[in-house]
There are 2 protein chains.
Amino acid sequence: MTVAIIGGTGPQGRGLALRFARAGVPIAIGSRDGARAAEVAAELTGMLGEGAAPISGHSNEEATQAAEEMVILSVPYAGHNATLEALKPLLASKTLIDIVVPLSPDDPKVVSMPPEGSATEAAQALLGPDIPVVGALHNVSAHTLNSLDWDINCDVLVCGNSLDARKQVMALVSKLGVTCFNAGAANSARCVEAITPILIRINISKQVPFTHAGIKIWPPER
Amino acid sequence: MTVAIIGGTGPQGRGLALRFARAGVPIAIGSRDGARAAEVAAELTGMLGEGAAPISGHSNEEATQAAEEMVILSVPYAGHNATLEALKPLLASKTLIDIVVPLSPDDPKVVSMPPEGSATEAAQALLGPDIPVVGALHNVSAHTLNSLDWDINCDVLVCGNSLDARKQVMALVSKLGVTCFNAGAANSARCVEAITPILIRINISKQVPFTHAGIKIWPPER
């Protein structure tokens, strides 16, 4: 089953393409510039060994059509709604995985949520009730994703109004070797998306002896 | 320096009183019923060894007056604003530490945020700019706090509009042996408070082989 990554030529999209392909998931990278997506797909393919699934490059529309079930949206927030408007007719009977964080254009340590409450909720409102939207993967740093010799250092909180779609996405993301948690309905994205700028603040202000902080759900230490 | 815990006879307040007193911080428990607070203070004192700082019980007003610098608000959200209205005149030149999570009355797996965006922001709006409000300790389960043979299993995200007040609260909370992170201004509480119902969901739905989940900021594993 091919998964599309719309906006897949950016750092987050590239890292996800590498990680999923290495885990055996064929990836169709989409970009507004299909030729550019094909170049990036070839570059990423060259970084992986022979056992990896294929990575191909396309226009956003073609990539969406290439995905049987799941389409990941990985564009800057400024292009979030316009990209979805354009792809909406092609998303019928597919699940949209929204990984976009509405960072403030003035300060990446702060979110600037849309009137719907979060990017995930804005996407669900825009696509209507027949196309399930699942928010996930917001809190994984692009640097970590692209550092293939690192394990991914965090858990993934998954939210959306369809429990079936949440489970579908949790099964996909689990292939990356991370633990997923069901974080509830789409309005939980108001929290989950907003964790990212807190992590960015922690990284920038050097509050930790490392960068690229993540979050983990943690058991009690007894 | 005595720290007050308003609503300190509830599970969260009791656990914090035990943990802080054990760490050497004198605690003034406040309750609408001062006699009840005195009973609970005596009970908690009996649970601690001789090296602990004193725990005393008072009305909410007396407890607030007993605190030199910091007052922790630990009441159910339904009483959040009315309690603050009553205590406002006594909070001058003190820092309010708001640990309240606005859980939905219908479903503890969901937040029901006030129009200000979060309980911390509602408190700051109500108290005005001269009384700094810091949100903290939202995500530590009462069960963990009251299980004195456990280490606290999570990090603490601290937010508020005054950086000085955030630092003051981080220094206090660090006495519990937990790691605090500066999570930014009061509007970060929209995220930090909302982590709690996600943890409650994870606990209730048994997504983890333990209960009383917490969050940790996590370094990359290389």
# chains A, B, ... in the order shown; residues from 1 in each chain; ligands from 1
call {"tool": "interface_residues", "arguments": {"of": "chain B", "to": "chain A", "cutoff": "8 Å", "atoms": "only C-alpha atoms", "output": "PyMOL selection string"}}
result
chain B and resi 110+144+149-154+181-184+188+190-192+194-195+198+201-202+207+210-222
call {"tool": "residues_around", "arguments": {"residues": "Ala122 in chain B", "least_positions_apart": "3", "cutoff": "10 Å", "atoms": "only C-alpha atoms", "output": "ChimeraX atom specification"}}
result
/B:80-81,113-119,125-128,133,186
call {"tool": "residues_around", "arguments": {"residues": "Gly13 in chain B", "least_positions_apart": "6", "cutoff": "12 Å", "atoms": "only C-alpha atoms", "output": "mmCIF file with all heavy atoms, in the first residue's frame"}}
result
data_model
loop_
_atom_site.group_PDB
_atom_site.id
_atom_site.type_symbol
_atom_site.label_atom_id
_atom_site.label_comp_id
_atom_site.auth_asym_id
_atom_site.auth_seq_id
_atom_site.Cartn_x
_atom_site.Cartn_y
_atom_site.Cartn_z
ATOM 1 N N VAL B 3 4.379 27.593 51.993
ATOM 2 C CA VAL B 3 3.587 27.594 50.766
ATOM 3 C C VAL B 3 2.167 27.164 51.125
ATOM 4 O O VAL B 3 1.975 26.192 51.866
ATOM 5 C CB VAL B 3 4.207 26.639 49.725
ATOM 6 C CG1 VAL B 3 3.282 26.452 48.523
ATOM 7 C CG2 VAL B 3 5.578 27.145 49.283
ATOM 8 N N ALA B 4 1.172 27.894 50.618
ATOM 9 C CA ALA B 4 -0.226 27.531 50.863
ATOM 10 C C ALA B 4 -0.725 26.619 49.744
ATOM 11 O O ALA B 4 -0.325 26.769 48.588
ATOM 12 C CB ALA B 4 -1.093 28.786 50.926
ATOM 13 N N ILE B 5 -1.593 25.687 50.122
ATOM 14 C CA ILE B 5 -2.290 24.868 49.125
ATOM 15 C C ILE B 5 -3.784 25.038 49.352
ATOM 16 O O ILE B 5 -4.355 24.477 50.295
ATOM 17 C CB ILE B 5 -1.899 23.380 49.217
ATOM 18 C CG1 ILE B 5 -0.376 23.211 49.095
ATOM 19 C CG2 ILE B 5 -2.617 22.583 48.128
ATOM 20 C CD1 ILE B 5 0.104 21.763 49.189
ATOM 21 N N ILE B 6 -4.406 25.854 48.498
ATOM 22 C CA ILE B 6 -5.835 26.140 48.605
ATOM 23 C C ILE B 6 -6.596 24.954 48.008
ATOM 24 O O ILE B 6 -6.294 24.527 46.891
ATOM 25 C CB ILE B 6 -6.171 27.439 47.837
ATOM 26 C CG1 ILE B 6 -5.319 28.601 48.357
ATOM 27 C CG2 ILE B 6 -7.667 27.741 47.919
ATOM 28 C CD1 ILE B 6 -5.385 28.818 49.844
ATOM 29 N N GLY B 7 -7.549 24.446 48.744
ATOM 30 C CA GLY B 7 -8.189 23.201 48.329
ATOM 31 C C GLY B 7 -7.278 22.024 48.646
ATOM 32 O O GLY B 7 -7.275 21.012 47.939
ATOM 33 N N ARG B 19 4.423 15.664 49.745
ATOM 34 C CA ARG B 19 5.692 15.714 49.006
ATOM 35 C C ARG B 19 6.513 16.954 49.375
ATOM 36 O O ARG B 19 7.721 16.882 49.551
ATOM 37 C CB ARG B 19 5.417 15.732 47.497
ATOM 38 C CG ARG B 19 4.778 14.471 46.972
ATOM 39 C CD ARG B 19 5.826 13.479 46.532
ATOM 40 N NE ARG B 19 5.229 12.240 46.064
ATOM 41 C CZ ARG B 19 5.930 11.225 45.571
ATOM 42 N NH1 ARG B 19 7.258 11.293 45.488
ATOM 43 N NH2 ARG B 19 5.333 10.124 45.176
ATOM 44 N N PHE B 20 5.826 18.112 49.457
ATOM 45 C CA PHE B 20 6.571 19.337 49.776
ATOM 46 C C PHE B 20 7.077 19.309 51.227
ATOM 47 O O PHE B 20 8.210 19.687 51.502
ATOM 48 C CB PHE B 20 5.715 20.577 49.524
ATOM 49 C CG PHE B 20 5.720 21.036 48.090
ATOM 50 C CD1 PHE B 20 4.550 21.087 47.351
ATOM 51 C CD2 PHE B 20 6.905 21.409 47.474
ATOM 52 C CE1 PHE B 20 4.559 21.507 46.025
ATOM 53 C CE2 PHE B 20 6.931 21.838 46.149
ATOM 54 C CZ PHE B 20 5.751 21.875 45.432
ATOM 55 N N ALA B 21 6.233 18.879 52.152
ATOM 56 C CA ALA B 21 6.673 18.842 53.557
ATOM 57 C C ALA B 21 7.846 17.889 53.710
ATOM 58 O O ALA B 21 8.822 18.190 54.417
ATOM 59 C CB ALA B 21 5.507 18.429 54.461
ATOM 60 N N ILE B 27 3.996 23.742 54.869
ATOM 61 C CA ILE B 27 2.770 23.811 54.077
ATOM 62 C C ILE B 27 1.602 24.273 54.943
ATOM 63 O O ILE B 27 1.387 23.756 56.047
ATOM 64 C CB ILE B 27 2.447 22.425 53.472
ATOM 65 C CG1 ILE B 27 3.492 22.041 52.443
ATOM 66 C CG2 ILE B 27 1.039 22.399 52.865
ATOM 67 C CD1 ILE B 27 3.532 22.893 51.190
ATOM 68 N N ALA B 28 0.844 25.236 54.413
ATOM 69 C CA ALA B 28 -0.422 25.650 55.028
ATOM 70 C C ALA B 28 -1.548 25.179 54.113
ATOM 71 O O ALA B 28 -1.737 25.723 53.022
ATOM 72 C CB ALA B 28 -0.468 27.169 55.194
ATOM 73 N N ILE B 29 -2.253 24.148 54.574
ATOM 74 C CA ILE B 29 -3.393 23.646 53.805
ATOM 75 C C ILE B 29 -4.597 24.539 54.050
ATOM 76 O O ILE B 29 -4.925 24.842 55.199
ATOM 77 C CB ILE B 29 -3.718 22.200 54.228
ATOM 78 C CG1 ILE B 29 -2.662 21.237 53.699
ATOM 79 C CG2 ILE B 29 -5.109 21.786 53.752
ATOM 80 C CD1 ILE B 29 -2.949 19.787 54.058
ATOM 81 N N GLY B 30 -5.257 24.937 52.962
ATOM 82 C CA GLY B 30 -6.476 25.719 53.092
ATOM 83 C C GLY B 30 -7.682 24.927 52.628
ATOM 84 O O GLY B 30 -7.579 24.086 51.738
ATOM 85 N N SER B 31 -8.816 25.196 53.267
ATOM 86 C CA SER B 31 -10.081 24.576 52.860
ATOM 87 C C SER B 31 -11.185 25.566 53.187
ATOM 88 O O SER B 31 -11.026 26.458 54.029
ATOM 89 C CB SER B 31 -10.280 23.265 53.622
ATOM 90 O OG SER B 31 -11.613 22.800 53.462
ATOM 91 N N ALA B 37 -9.531 21.191 57.376
ATOM 92 C CA ALA B 37 -8.132 21.340 56.939
ATOM 93 C C ALA B 37 -7.183 20.989 58.086
ATOM 94 O O ALA B 37 -6.152 20.340 57.874
ATOM 95 C CB ALA B 37 -7.880 22.758 56.441
ATOM 96 N N VAL B 40 -7.029 17.207 58.398
ATOM 97 C CA VAL B 40 -6.208 16.608 57.334
ATOM 98 C C VAL B 40 -4.734 16.899 57.574
ATOM 99 O O VAL B 40 -3.868 16.027 57.386
ATOM 100 C CB VAL B 40 -6.670 17.121 55.948
ATOM 101 C CG1 VAL B 40 -5.690 16.716 54.843
ATOM 102 C CG2 VAL B 40 -8.065 16.591 55.635
ATOM 103 N N ALA B 41 -4.425 18.101 58.024
ATOM 104 C CA ALA B 41 -3.021 18.454 58.288
ATOM 105 C C ALA B 41 -2.431 17.539 59.357
ATOM 106 O O ALA B 41 -1.296 17.068 59.234
ATOM 107 C CB ALA B 41 -2.920 19.921 58.709
ATOM 108 N N LEU B 44 -1.887 14.063 57.786
ATOM 109 C CA LEU B 44 -0.722 14.024 56.883
ATOM 110 C C LEU B 44 0.576 14.107 57.689
ATOM 111 O O LEU B 44 1.558 13.415 57.376
ATOM 112 C CB LEU B 44 -0.798 15.167 55.866
ATOM 113 C CG LEU B 44 -2.002 15.130 54.916
ATOM 114 C CD1 LEU B 44 -1.954 16.334 53.970
ATOM 115 C CD2 LEU B 44 -2.044 13.837 54.104
ATOM 116 N N ILE B 55 3.053 20.714 58.515
ATOM 117 C CA ILE B 55 1.844 20.921 57.715
ATOM 118 C C ILE B 55 0.771 21.424 58.666
ATOM 119 O O ILE B 55 0.466 20.764 59.669
ATOM 120 C CB ILE B 55 1.362 19.609 57.058
ATOM 121 C CG1 ILE B 55 2.454 19.003 56.165
ATOM 122 C CG2 ILE B 55 0.094 19.848 56.251
ATOM 123 C CD1 ILE B 55 2.078 17.646 55.555
ATOM 124 N N GLY B 57 -3.295 23.369 59.067
ATOM 125 C CA GLY B 57 -4.578 23.465 58.383
ATOM 126 C C GLY B 57 -5.330 24.722 58.761
ATOM 127 O O GLY B 57 -5.328 25.117 59.940
ATOM 128 N N VAL B 71 1.279 30.623 46.533
ATOM 129 C CA VAL B 71 0.000 30.006 46.883
ATOM 130 C C VAL B 71 -0.394 29.073 45.734
ATOM 131 O O VAL B 71 -0.476 29.504 44.581
ATOM 132 C CB VAL B 71 -1.086 31.085 47.084
ATOM 133 C CG1 VAL B 71 -2.454 30.445 47.326
ATOM 134 C CG2 VAL B 71 -0.703 32.016 48.238
ATOM 135 N N ILE B 72 -0.608 27.817 46.078
ATOM 136 C CA ILE B 72 -1.015 26.823 45.076
ATOM 137 C C ILE B 72 -2.534 26.697 45.091
ATOM 138 O O ILE B 72 -3.131 26.530 46.159
ATOM 139 C CB ILE B 72 -0.376 25.451 45.380
ATOM 140 C CG1 ILE B 72 1.156 25.538 45.287
ATOM 141 C CG2 ILE B 72 -0.921 24.367 44.442
ATOM 142 C CD1 ILE B 72 1.880 24.261 45.727
ATOM 143 N N LEU B 73 -3.148 26.781 43.915
ATOM 144 C CA LEU B 73 -4.603 26.628 43.813
ATOM 145 C C LEU B 73 -4.913 25.224 43.316
ATOM 146 O O LEU B 73 -4.551 24.851 42.201
ATOM 147 C CB LEU B 73 -5.182 27.666 42.844
ATOM 148 C CG LEU B 73 -6.704 27.616 42.696
ATOM 149 C CD1 LEU B 73 -7.388 27.973 44.007
ATOM 150 C CD2 LEU B 73 -7.174 28.554 41.582
ATOM 151 N N SER B 74 -5.610 24.455 44.153
ATOM 152 C CA SER B 74 -5.871 23.040 43.858
ATOM 153 C C SER B 74 -7.321 22.716 44.181
ATOM 154 O O SER B 74 -7.621 21.918 45.053
ATOM 155 C CB SER B 74 -4.923 22.178 44.705
ATOM 156 O OG SER B 74 -5.194 20.807 44.532
ATOM 157 N N VAL B 75 -8.221 23.382 43.461
ATOM 158 C CA VAL B 75 -9.656 23.153 43.682
ATOM 159 C C VAL B 75 -10.250 22.552 42.409
ATOM 160 O O VAL B 75 -9.659 22.651 41.334
ATOM 161 C CB VAL B 75 -10.383 24.488 44.008
ATOM 162 C CG1 VAL B 75 -9.869 25.073 45.318
ATOM 163 C CG2 VAL B 75 -10.234 25.502 42.876
ATOM 164 N N PRO B 76 -11.410 21.904 42.499
ATOM 165 C CA PRO B 76 -12.077 21.485 41.262
ATOM 166 C C PRO B 76 -12.342 22.706 40.383
ATOM 167 O O PRO B 76 -12.555 23.816 40.892
ATOM 168 C CB PRO B 76 -13.389 20.863 41.757
ATOM 169 C CG PRO B 76 -13.147 20.516 43.186
ATOM 170 C CD PRO B 76 -12.174 21.545 43.697
ATOM 171 N N ASP B 98 -1.252 27.858 39.619
ATOM 172 C CA ASP B 98 -2.551 27.279 39.248
ATOM 173 C C ASP B 98 -2.315 25.882 38.694
ATOM 174 O O ASP B 98 -1.682 25.712 37.655
ATOM 175 C CB ASP B 98 -3.223 28.177 38.205
ATOM 176 C CG ASP B 98 -4.707 27.889 38.062
ATOM 177 O OD1 ASP B 98 -5.117 26.735 38.295
ATOM 178 O OD2 ASP B 98 -5.456 28.825 37.722
ATOM 179 N N ILE B 99 -2.817 24.874 39.396
ATOM 180 C CA ILE B 99 -2.633 23.485 38.939
ATOM 181 C C ILE B 99 -3.946 22.893 38.425
ATOM 182 O O ILE B 99 -4.032 21.701 38.147
ATOM 183 C CB ILE B 99 -2.056 22.591 40.060
ATOM 184 C CG1 ILE B 99 -3.110 22.252 41.120
ATOM 185 C CG2 ILE B 99 -0.851 23.239 40.733
ATOM 186 C CD1 ILE B 99 -2.673 21.103 42.020
ATOM 187 N N VAL B 100 -4.962 23.745 38.287
ATOM 188 C CA VAL B 100 -6.310 23.270 37.969
ATOM 189 C C VAL B 100 -6.423 22.921 36.489
ATOM 190 O O VAL B 100 -5.968 23.664 35.622
ATOM 191 C CB VAL B 100 -7.350 24.347 38.354
ATOM 192 C CG1 VAL B 100 -8.742 23.931 37.931
ATOM 193 C CG2 VAL B 100 -7.274 24.628 39.851
ATOM 194 N N LEU B 137 2.300 21.641 37.335
ATOM 195 C CA LEU B 137 1.907 20.449 38.095
ATOM 196 C C LEU B 137 0.567 19.862 37.649
ATOM 197 O O LEU B 137 -0.032 19.073 38.377
ATOM 198 C CB LEU B 137 1.851 20.770 39.602
ATOM 199 C CG LEU B 137 3.208 20.967 40.283
ATOM 200 C CD1 LEU B 137 3.050 21.677 41.617
ATOM 201 C CD2 LEU B 137 3.916 19.628 40.478
ATOM 202 N N HIS B 138 0.113 20.223 36.440
ATOM 203 C CA HIS B 138 -1.186 19.727 35.975
ATOM 204 C C HIS B 138 -1.182 18.232 35.690
ATOM 205 O O HIS B 138 -2.219 17.589 35.758
ATOM 206 C CB HIS B 138 -1.582 20.429 34.671
ATOM 207 C CG HIS B 138 -1.569 21.904 34.745
ATOM 208 N ND1 HIS B 138 -0.491 22.667 34.374
ATOM 209 C CD2 HIS B 138 -2.520 22.779 35.145
ATOM 210 C CE1 HIS B 138 -0.773 23.949 34.533
ATOM 211 N NE2 HIS B 138 -1.997 24.048 35.001
ATOM 212 N N VAL B 140 0.675 15.644 36.902
ATOM 213 C CA VAL B 140 1.122 14.645 37.873
ATOM 214 C C VAL B 140 -0.112 14.036 38.520
ATOM 215 O O VAL B 140 -0.930 14.749 39.093
ATOM 216 C CB VAL B 140 1.995 15.301 38.972
ATOM 217 C CG1 VAL B 140 2.628 14.226 39.833
ATOM 218 C CG2 VAL B 140 3.051 16.206 38.376
ATOM 219 N N SER B 141 -0.242 12.724 38.452
ATOM 220 C CA SER B 141 -1.468 12.123 38.984
ATOM 221 C C SER B 141 -1.467 12.168 40.509
ATOM 222 O O SER B 141 -0.426 12.049 41.162
ATOM 223 C CB SER B 141 -1.617 10.675 38.506
ATOM 224 O OG SER B 141 -0.930 9.779 39.344
ATOM 225 N N ALA B 142 -2.651 12.355 41.069
ATOM 226 C CA ALA B 142 -2.793 12.372 42.527
ATOM 227 C C ALA B 142 -2.321 11.060 43.127
ATOM 228 O O ALA B 142 -1.710 11.029 44.201
ATOM 229 C CB ALA B 142 -4.253 12.636 42.903
ATOM 230 N N HIS B 143 -2.593 9.974 42.431
ATOM 231 C CA HIS B 143 -2.174 8.667 42.942
ATOM 232 C C HIS B 143 -0.655 8.599 43.078
ATOM 233 O O HIS B 143 -0.129 8.112 44.077
ATOM 234 C CB HIS B 143 -2.685 7.568 42.006
ATOM 235 C CG HIS B 143 -2.489 6.196 42.550
ATOM 236 N ND1 HIS B 143 -3.440 5.545 43.308
ATOM 237 C CD2 HIS B 143 -1.421 5.359 42.484
ATOM 238 C CE1 HIS B 143 -2.968 4.359 43.675
ATOM 239 N NE2 HIS B 143 -1.752 4.216 43.176
ATOM 240 N N LEU B 145 1.379 11.192 43.411
ATOM 241 C CA LEU B 145 1.799 12.103 44.491
ATOM 242 C C LEU B 145 1.637 11.449 45.859
ATOM 243 O O LEU B 145 2.471 11.626 46.747
ATOM 244 C CB LEU B 145 0.971 13.394 44.449
ATOM 245 C CG LEU B 145 1.287 14.363 43.311
ATOM 246 C CD1 LEU B 145 0.284 15.512 43.320
ATOM 247 C CD2 LEU B 145 2.711 14.905 43.434
ATOM 248 N N ASN B 146 0.556 10.704 46.031
ATOM 249 C CA ASN B 146 0.263 10.117 47.329
ATOM 250 C C ASN B 146 0.994 8.787 47.576
ATOM 251 O O ASN B 146 0.918 8.258 48.686
ATOM 252 C CB ASN B 146 -1.245 9.926 47.487
ATOM 253 C CG ASN B 146 -1.943 11.246 47.807
ATOM 254 O OD1 ASN B 146 -1.868 11.740 48.920
ATOM 255 N ND2 ASN B 146 -2.578 11.841 46.808
#
call {"tool": "select_by_dssp", "arguments": {"residues": "range 33-217 of chain B", "states": "alpha helix (DSSP H)", "output": "PyMOL selection string"}}
result
chain B and resi 34-47+60-66+80-87+119-127+142-146+163-174+189-204
call {"tool": "decode", "arguments": {"residues": "range 15-26 of chain B", "atoms": "C-alpha atoms", "output": "PDB file, in the first residue's frame"}}
result
ATOM      1  CA  GLY B  15      -0.240  14.537  47.800  1.00  0.00           C
ATOM      2  CA  LEU B  16       1.477  17.862  47.183  1.00  0.00           C
ATOM      3  CA  ALA B  17       1.412  18.694  50.893  1.00  0.00           C
ATOM      4  CA  LEU B  18       3.075  15.377  51.737  1.00  0.00           C
ATOM      5  CA  ARG B  19       5.692  15.714  49.006  1.00  0.00           C
ATOM      6  CA  PHE B  20       6.571  19.337  49.776  1.00  0.00           C
ATOM      7  CA  ALA B  21       6.673  18.842  53.557  1.00  0.00           C
ATOM      8  CA  ARG B  22       8.891  15.815  53.116  1.00  0.00           C
ATOM      9  CA  ALA B  23      11.175  17.989  50.975  1.00  0.00           C
ATOM     10  CA  GLY B  24      11.395  20.557  53.790  1.00  0.00           C
ATOM     11  CA  VAL B  25       8.813  23.106  52.622  1.00  0.00           C
ATOM     12  CA  PRO B  26       6.330  24.170  55.368  1.00  0.00           C
TER      13      PRO B  26
END
